[in-house]
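Student: Once you've had a glance at the structure underneath, I'll fire off some questions.
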Amino acid sequence: MLLASLPFYPLVSFLLLILFAKRLSWRLASAISVGAMALTALVCGLLVFELSNSSSHFINVDLWHWFSLSSQQGMAEVNVSFYLDGLSAVMISVVSGVGFLIHLFAAAYMKGDANFSRFMAYMNLFIVAMLILVLADNLVLLYLGWEGVGLCSFLLIGFWYQEQANVLAARKAFIVTRIGDTSMAIGLFWLFSSFGQLNITAVSELIQGVGGSEIGFSLQESTDIYWIALLLLGGAVGKSAQLPLQTWLPDAMAGPTPVSALIHAATMVTAGVYLIARMHSVFLFAPEVMNYVAWLGAITLLLAGLAALAQTDIKRVLAYSTMSQIGYMMLALGAGAWSAGVFHLMTHAFFKALLFLTAGAVILALHHQQNIFKMGGLLKRLPFESALFVVGLICLMALPGTSGFFSKEAIIAELWLSTTAGPALWWCAIVGALLTSIYSCRLFFLAFLGNERFSEELHIEKASLMRSALLILALLSLFGGLISLDFSEVFFKIKAEELISVNEPLWLHTIAIATPFVGILFSWFYFKNYRVDSNLEDGIKTNLTASKHRFAIFCRNGLGFDSLYDALLIKPYQLLAKLNRRDFIDQAMMSTAWYVGLWHDVMTMIQNGSLRWYLAAFGLAIMALVGVSIL
Amino acid sequence: MTTIPLFHVLVLSSLLFAIGFIGVVARKNTLFILMSLEVMLNAVGVAFIGAGSAWQQADGQVMFILILTLAAAEVAVGLALLIRMQKKYRSLDIDLLNEMRG
């Protein structure tokens, strides 16, 4: 029953905060929300401990019966019940652990905001939805959580709803992810109509049972599986900001920084990865789709890396970096390296949350300045934040020994020999790692080295809440790679494949390890003017500006996807709306009203109250009648 | 004595009726409307008398006396209304009485 209570702590906190809203003081509101998260994290720890010590590889709890669906294959029960296995244990640990730390940070970060308790309430609601998403034992409940996190993302991006940019970003995020969600819903309908099941374990067992046996699938069934996998991938692509639905993520950075850390880096955007890992048995029997997943991940990671190279806003650099790292996870999933993908999800949650929160602390110190070309020289001024940012960056670059290293190497190691990936994708991953290290160095040099390009006094926040949260995240980022995840019970292998005789070349690992260093070396010389404090050398204050080269601007604007969609979808739609401004169906309806209105006017005119008119009409009518009868 | 043909009587009656009707419709003064109404009633009376004498029946004259009585009663009520109207509106313009317009 411990499992059942997990989402209820943040739910209770959400209800309290939303009911009492501004009547709560900052101290009380943050105590309630952060306390609820602490409780969740504690219970989560207990649950993971219980799971690792129990003999079975899952814990299941039925809360209540929701509804039943009937199909040709019989009745399918849809219950509100939670299912905890190795995969969801990793997810709830990330959600409640990192979520707790981010709540802790957010309580200090948002202290002055007038709507503080509304903010914390939304954050808590998000945790509820995310826990439901990862704990759901059937796809309908999962979809509930899926939509719930989408809603909270919308609410939190648009938290400062009085600024137009935020509202537009929130709307964009909502609409773009809705495209993916629709695709996922169709996938679920298809899954139900062809297999008659919505329970995740039942679906997996059914598919593994048929696919693993000698008979295999009929042609119809394999086509069904292909389409189901493709449609589920569509949902994952929307949520995880992969090509071609990635455009919402950079704009989503308009929201408060803790939101970017929690939703748009650590948890919600990885829900797509979780979905694919959870439904891996469907994907295993659709190898073409796995190949698409791998290529999609690879292209996203390269393009996002390229876009990150040209950004000027610190949070947008991190947003593109998140897209690129999720590209790695997708690549891993596509290659069948399920556990490596989920492992990277976990370590990425640690270091990307750390990076975002540290960036948030820096932004706060600089009075909400987010342009890295207006920072510089922060290493001396903010040594604590800088040190933590460096920790986050070396994890992101996957330097040996950090958590990012373990997970990224695990992914890269499996690519070369995978049947659904291969050497081409391996090279993509290597180039991606190179790009990662280059944009990380560029970010670090611009923001923390070089000359100071800001004039105001720094607003230095020494809140111990913030600092302790950052410190724990830094420790997790550094040593999180040592956590060993055992997914042998979770992920199903088709069959023990005969050992492939071709061995991978020896230089593979050397290259993979050396790549980040090559990137650092390259940037050390290439970005020399960003790095060197020119004030010390010649005493002249130089101002750096972002490159005005056309290609740089193209990359900065997200590689033209926004303008492409604008031209392809938004403009024609607006044109259509403009053309049909006076809706023609509406016109047909309105003509009836016009007709009635006309007769109303005529009738009113006749009833003029003038006796002589009545008499005249009377006389004329009689004359007409007599005339007619004579004729 | 030559008898007047019925057709002539009816033509006279219709002309009188039409004149009376035009008077009712065209006049604004309520007093003149009442008088035009009298003309119309008498036009009908002429038609009855003419018809009675053409067929040598007393019914026509009976009807005329009836109409005469009716006209007297109508004028009594109508004049009473006119006095009220003059008191209330200080005018006899029939177009002032249009409070029932839609």
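Please note that chains go A, B, ... in the order of the structure tokens, that every chain numbers its residues from 1, and that ligands are numbered from 1 in the order shown.
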Compute the set of chain B residues within 8 Å of chain A, using only C-alpha atoms, and express it as a PDB file with C-alpha atoms, in the first residue's frame.

Tutor:
```
ATOM      1  CA  VAL B  24     -63.249  58.696 -43.729  1.00  0.00           C
ATOM      2  CA  VAL B  25     -59.817  57.782 -45.018  1.00  0.00           C
ATOM      3  CA  ALA B  26     -58.594  61.174 -46.138  1.00  0.00           C
ATOM      4  CA  ILE B  94     -57.236  61.233 -35.465  1.00  0.00           C
ATOM      5  CA  ASP B  95     -53.544  60.554 -36.097  1.00  0.00           C
ATOM      6  CA  LEU B  97     -54.560  58.320 -31.422  1.00  0.00           C
ATOM      7  CA  ASN B  98     -51.863  55.900 -32.519  1.00  0.00           C
ATOM      8  CA  GLU B  99     -50.761  54.477 -29.202  1.00  0.00           C
ATOM      9  CA  MET B 100     -51.410  50.922 -30.411  1.00  0.00           C
ATOM     10  CA  ARG B 101     -48.649  51.049 -33.031  1.00  0.00           C
ATOM     11  CA  GLY B 102     -46.303  48.062 -33.101  1.00  0.00           C
TER      12      GLY B 102
END
```

Student: Looking only at alpha helix (DSSP H) from DSSP on the backbone, list the matching residues of chain B as number ranges by chain.

Tutor: B: 6-26, 30-55, 59-89

Student: For B:Gly50, work out the shell of residues within 8 Å, counting only C-alpha atoms and skipping chain neighbours fewer than 2 positions away, then give it as a list in words.

Tutor: Leu6, Val9, Leu10, Val46, Ala47, Phe48, Gly52, Ser53, Ala54 and Gly60 of chain B

Student: Take the residues from that selection and write them out as a PDB file, in the first residue's frame, keeping N, CA and C atoms.

Tutor:
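The result, stored in selection.pdb:
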```pdb
ATOM      1  N   LEU B   6     -83.675  50.918 -61.060  1.00  0.00           N
ATOM      2  CA  LEU B   6     -82.882  50.486 -59.889  1.00  0.00           C
ATOM      3  C   LEU B   6     -81.387  50.740 -60.096  1.00  0.00           C
ATOM      4  N   VAL B   9     -80.280  54.156 -59.093  1.00  0.00           N
ATOM      5  CA  VAL B   9     -80.256  54.281 -57.636  1.00  0.00           C
ATOM      6  C   VAL B   9     -78.960  53.674 -57.078  1.00  0.00           C
ATOM      7  N   LEU B  10     -78.646  52.514 -57.598  1.00  0.00           N
ATOM      8  CA  LEU B  10     -77.447  51.831 -57.090  1.00  0.00           C
ATOM      9  C   LEU B  10     -76.181  52.605 -57.435  1.00  0.00           C
ATOM     10  N   VAL B  46     -79.976  54.679 -49.038  1.00  0.00           N
ATOM     11  CA  VAL B  46     -80.506  54.948 -50.384  1.00  0.00           C
ATOM     12  C   VAL B  46     -80.658  53.647 -51.158  1.00  0.00           C
ATOM     13  N   ALA B  47     -79.612  52.778 -51.053  1.00  0.00           N
ATOM     14  CA  ALA B  47     -79.667  51.500 -51.768  1.00  0.00           C
ATOM     15  C   ALA B  47     -80.864  50.683 -51.302  1.00  0.00           C
ATOM     16  N   PHE B  48     -81.103  50.632 -49.971  1.00  0.00           N
ATOM     17  CA  PHE B  48     -82.245  49.858 -49.437  1.00  0.00           C
ATOM     18  C   PHE B  48     -83.569  50.406 -49.944  1.00  0.00           C
ATOM     19  N   GLY B  52     -86.272  48.546 -52.152  1.00  0.00           N
ATOM     20  CA  GLY B  52     -87.627  48.324 -51.634  1.00  0.00           C
ATOM     21  C   GLY B  52     -88.677  48.801 -52.635  1.00  0.00           C
ATOM     22  N   SER B  53     -88.430  49.964 -53.228  1.00  0.00           N
ATOM     23  CA  SER B  53     -89.439  50.470 -54.154  1.00  0.00           C
ATOM     24  C   SER B  53     -89.432  49.677 -55.452  1.00  0.00           C
ATOM     25  N   ALA B  54     -88.259  49.146 -55.859  1.00  0.00           N
ATOM     26  CA  ALA B  54     -88.194  48.384 -57.113  1.00  0.00           C
ATOM     27  C   ALA B  54     -88.995  47.105 -57.003  1.00  0.00           C
ATOM     28  N   GLY B  60     -87.286  47.195 -47.290  1.00  0.00           N
ATOM     29  CA  GLY B  60     -86.269  48.219 -47.527  1.00  0.00           C
ATOM     30  C   GLY B  60     -86.450  49.392 -46.592  1.00  0.00           C
TER      31      GLY B  60
END
```

Student: Calculated over only C-alpha atoms, which of the candidates A:Leu84, A:Cys441, A:Ala41, A:Ile32 has the smallest distance to A:Phe20?

Tutor: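 Result for the nearest residue to A:Phe20: A:Ile32.
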
Student: Can you pull out every residue within 10 Å of stretch 70-78 of chain B, counting only C-alpha atoms, but drop anything in the same chain fewer than 5 positions away, and send it as a list in words?

Tutor: Thr30, Leu31, Leu34, Met35, Leu37, Glu38, Leu41, Asn42, Phe64, Ile65, Ile83 and Arg84 of chain B

Student: Generate the output file for the selected residues, C-alpha atoms, as a PDB file, in the first residue's frame.

Tutor:
```pdb
ATOM      1  CA  THR B  30     -62.403  63.192 -36.284  1.00  0.00           C
ATOM      2  CA  LEU B  31     -65.566  65.242 -36.541  1.00  0.00           C
ATOM      3  CA  LEU B  34     -67.925  60.935 -38.234  1.00  0.00           C
ATOM      4  CA  MET B  35     -69.774  63.015 -40.783  1.00  0.00           C
ATOM      5  CA  LEU B  37     -69.438  57.896 -41.796  1.00  0.00           C
ATOM      6  CA  GLU B  38     -72.969  59.325 -41.819  1.00  0.00           C
ATOM      7  CA  LEU B  41     -74.633  54.995 -43.793  1.00  0.00           C
ATOM      8  CA  ASN B  42     -77.029  57.095 -45.828  1.00  0.00           C
ATOM      9  CA  PHE B  64     -83.623  52.212 -43.451  1.00  0.00           C
ATOM     10  CA  ILE B  65     -85.366  53.080 -40.205  1.00  0.00           C
ATOM     11  CA  ILE B  83     -65.609  65.701 -26.347  1.00  0.00           C
ATOM     12  CA  ARG B  84     -63.295  63.453 -24.312  1.00  0.00           C
TER      13      ARG B  84
END
```

Student: Env of B:Leu92: 8 Å cut, atoms = only C-alpha atoms, seq-sep filter 6 positions within chain, self excluded. Answer as a ChimeraX atom specification.

Tutor: /B:28-31,82,85-86

Student: Counting only C-alpha atoms, what is within 12 Å of stretch 185-187 of chain A, bar same-chain residues fewer than 5 positions away, as number ranges by chain?

Tutor: A: 139-140, 142-144, 146-147, 178-180, 192-195, 198, 224-236, 279, 282

Student: Go ahead and write the residues just picked, C-alpha atoms, as a PDB file, in the first residue's frame.

Tutor:
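Wrote selection-v7.pdb, looks like this:
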```pdb
ATOM      1  CA  LEU A 139      -2.125   2.488 -21.219  1.00  0.00           C
ATOM      2  CA  VAL A 140      -5.289   4.432 -20.429  1.00  0.00           C
ATOM      3  CA  LEU A 142      -0.642   6.195 -18.622  1.00  0.00           C
ATOM      4  CA  TYR A 143      -2.430   8.446 -21.108  1.00  0.00           C
ATOM      5  CA  LEU A 144      -4.114  10.266 -18.215  1.00  0.00           C
ATOM      6  CA  TRP A 146       0.613  11.857 -20.171  1.00  0.00           C
ATOM      7  CA  GLU A 147      -2.042  14.524 -20.703  1.00  0.00           C
ATOM      8  CA  ARG A 178      -1.090  17.717 -28.921  1.00  0.00           C
ATOM      9  CA  ILE A 179      -0.177  16.528 -32.432  1.00  0.00           C
ATOM     10  CA  GLY A 180       1.970  13.799 -30.905  1.00  0.00           C
ATOM     11  CA  PHE A 192      -6.867  -2.248 -28.459  1.00  0.00           C
ATOM     12  CA  SER A 193      -8.741  -3.128 -31.608  1.00  0.00           C
ATOM     13  CA  SER A 194      -6.115  -5.588 -32.816  1.00  0.00           C
ATOM     14  CA  PHE A 195      -5.011  -7.166 -29.523  1.00  0.00           C
ATOM     15  CA  LEU A 198      -4.625  -2.247 -22.772  1.00  0.00           C
ATOM     16  CA  ASP A 224      -0.710  -3.812 -37.117  1.00  0.00           C
ATOM     17  CA  ILE A 225       2.359  -3.878 -34.910  1.00  0.00           C
ATOM     18  CA  TYR A 226       4.278  -1.756 -37.406  1.00  0.00           C
ATOM     19  CA  TRP A 227       1.594   0.922 -37.399  1.00  0.00           C
ATOM     20  CA  ILE A 228       1.040   0.799 -33.637  1.00  0.00           C
ATOM     21  CA  ALA A 229       4.765   1.238 -33.048  1.00  0.00           C
ATOM     22  CA  LEU A 230       4.892   4.115 -35.519  1.00  0.00           C
ATOM     23  CA  LEU A 231       1.932   5.887 -33.903  1.00  0.00           C
ATOM     24  CA  LEU A 232       3.338   5.422 -30.394  1.00  0.00           C
ATOM     25  CA  LEU A 233       6.611   6.813 -31.705  1.00  0.00           C
ATOM     26  CA  GLY A 234       4.635   9.854 -32.870  1.00  0.00           C
ATOM     27  CA  GLY A 235       3.478  10.426 -29.289  1.00  0.00           C
ATOM     28  CA  ALA A 236       7.002  10.009 -27.963  1.00  0.00           C
ATOM     29  CA  MET A 279       6.354  -0.651 -24.885  1.00  0.00           C
ATOM     30  CA  VAL A 282       5.867  -3.804 -29.492  1.00  0.00           C
TER      31      VAL A 282
END
```

Student: Nearest to B:Val39: which of B:Leu16, B:Ile22, B:Val11, B:Ala51 is it, counting only C-alpha atoms?

Tutor: B:Leu16

Student: At a cut-off of 8 Å, using only C-alpha atoms, what residues contact stretch 432-440 of chain A? Leave out same-chain residues fewer than 2 positions from it and give the result as a JSON list (two decimals) with N, CA and C atoms, in the first residue's frame.

Tutor:
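The result, stored in selection_29.json:
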```json
[["chain", "number", "residue", "atom", "x", "y", "z"],
["A", 301, "LEU", "N", 19.85, 14.71, -32.66],
["A", 301, "LEU", "CA", 21.00, 15.06, -31.80],
["A", 301, "LEU", "C", 22.00, 15.90, -32.58],
["A", 302, "LEU", "N", 22.14, 15.64, -33.88],
["A", 302, "LEU", "CA", 23.07, 16.45, -34.67],
["A", 302, "LEU", "C", 22.52, 17.86, -34.88],
["A", 305, "GLY", "N", 22.45, 19.86, -31.72],
["A", 305, "GLY", "CA", 23.81, 20.25, -31.35],
["A", 305, "GLY", "C", 24.26, 21.45, -32.16],
["A", 306, "LEU", "N", 23.93, 21.43, -33.46],
["A", 306, "LEU", "CA", 24.28, 22.53, -34.36],
["A", 306, "LEU", "C", 23.58, 23.81, -33.92],
["A", 308, "ALA", "N", 22.48, 24.50, -30.95],
["A", 308, "ALA", "CA", 22.99, 24.94, -29.65],
["A", 308, "ALA", "C", 24.26, 25.76, -29.82],
["A", 309, "LEU", "N", 25.01, 25.49, -30.88],
["A", 309, "LEU", "CA", 26.28, 26.20, -31.12],
["A", 309, "LEU", "C", 26.06, 27.69, -31.38],
["A", 321, "SER", "N", 20.52, 21.51, -25.99],
["A", 321, "SER", "CA", 21.33, 20.42, -25.49],
["A", 321, "SER", "C", 20.45, 19.29, -24.96],
["A", 324, "SER", "N", 19.22, 17.34, -27.83],
["A", 324, "SER", "CA", 20.28, 16.52, -28.38],
["A", 324, "SER", "C", 20.53, 15.29, -27.49],
["A", 393, "LEU", "N", 28.69, 20.60, -16.84],
["A", 393, "LEU", "CA", 29.18, 20.57, -18.22],
["A", 393, "LEU", "C", 30.08, 19.37, -18.48],
["A", 396, "LEU", "N", 27.92, 16.56, -19.02],
["A", 396, "LEU", "CA", 27.27, 16.67, -20.32],
["A", 396, "LEU", "C", 28.24, 16.26, -21.43],
["A", 397, "MET", "N", 29.50, 16.67, -21.28],
["A", 397, "MET", "CA", 30.49, 16.31, -22.29],
["A", 397, "MET", "C", 30.93, 14.87, -22.17],
["A", 428, "CYS", "N", 27.37, 9.13, -36.27],
["A", 428, "CYS", "CA", 26.50, 10.25, -35.89],
["A", 428, "CYS", "C", 26.65, 10.56, -34.40],
["A", 429, "ALA", "N", 26.64, 9.51, -33.59],
["A", 429, "ALA", "CA", 26.76, 9.69, -32.14],
["A", 429, "ALA", "C", 28.09, 10.34, -31.80],
["A", 430, "ILE", "N", 29.16, 9.93, -32.49],
["A", 430, "ILE", "CA", 30.49, 10.50, -32.20],
["A", 430, "ILE", "C", 30.51, 11.98, -32.57],
["A", 442, "ARG", "N", 31.91, 26.57, -25.52],
["A", 442, "ARG", "CA", 31.54, 27.91, -25.95],
["A", 442, "ARG", "C", 30.71, 28.59, -24.86],
["A", 443, "LEU", "N", 29.73, 27.83, -24.31],
["A", 443, "LEU", "CA", 28.87, 28.36, -23.26],
["A", 443, "LEU", "C", 29.70, 28.75, -22.04],
["A", 444, "PHE", "N", 30.60, 27.85, -21.66],
["A", 444, "PHE", "CA", 31.39, 28.11, -20.46],
["A", 444, "PHE", "C", 32.30, 29.31, -20.65],
["A", 515, "THR", "N", 36.87, 11.72, -28.15],
["A", 515, "THR", "CA", 36.11, 12.77, -28.84],
["A", 515, "THR", "C", 35.89, 14.04, -28.01],
["A", 516, "PRO", "N", 35.39, 13.93, -26.76],
["A", 516, "PRO", "CA", 35.15, 15.18, -26.01],
["A", 516, "PRO", "C", 36.42, 16.01, -25.85],
["A", 517, "PHE", "N", 37.56, 15.32, -25.68],
["A", 517, "PHE", "CA", 38.81, 16.07, -25.49],
["A", 517, "PHE", "C", 39.18, 16.80, -26.77],
["A", 518, "VAL", "N", 38.92, 16.15, -27.91],
["A", 518, "VAL", "CA", 39.17, 16.81, -29.19],
["A", 518, "VAL", "C", 38.33, 18.08, -29.25],
["A", 519, "GLY", "N", 37.06, 17.96, -28.83],
["A", 519, "GLY", "CA", 36.16, 19.12, -28.85],
["A", 519, "GLY", "C", 36.68, 20.24, -27.97],
["A", 520, "ILE", "N", 37.15, 19.87, -26.77],
["A", 520, "ILE", "CA", 37.64, 20.90, -25.84],
["A", 520, "ILE", "C", 38.87, 21.59, -26.42],
["A", 522, "PHE", "N", 39.71, 21.85, -29.54],
["A", 522, "PHE", "CA", 39.30, 22.68, -30.67],
["A", 522, "PHE", "C", 38.74, 24.01, -30.18],
["A", 523, "SER", "N", 37.85, 23.93, -29.18],
["A", 523, "SER", "CA", 37.23, 25.19, -28.73],
["A", 523, "SER", "C", 38.23, 26.07, -28.00]]
```
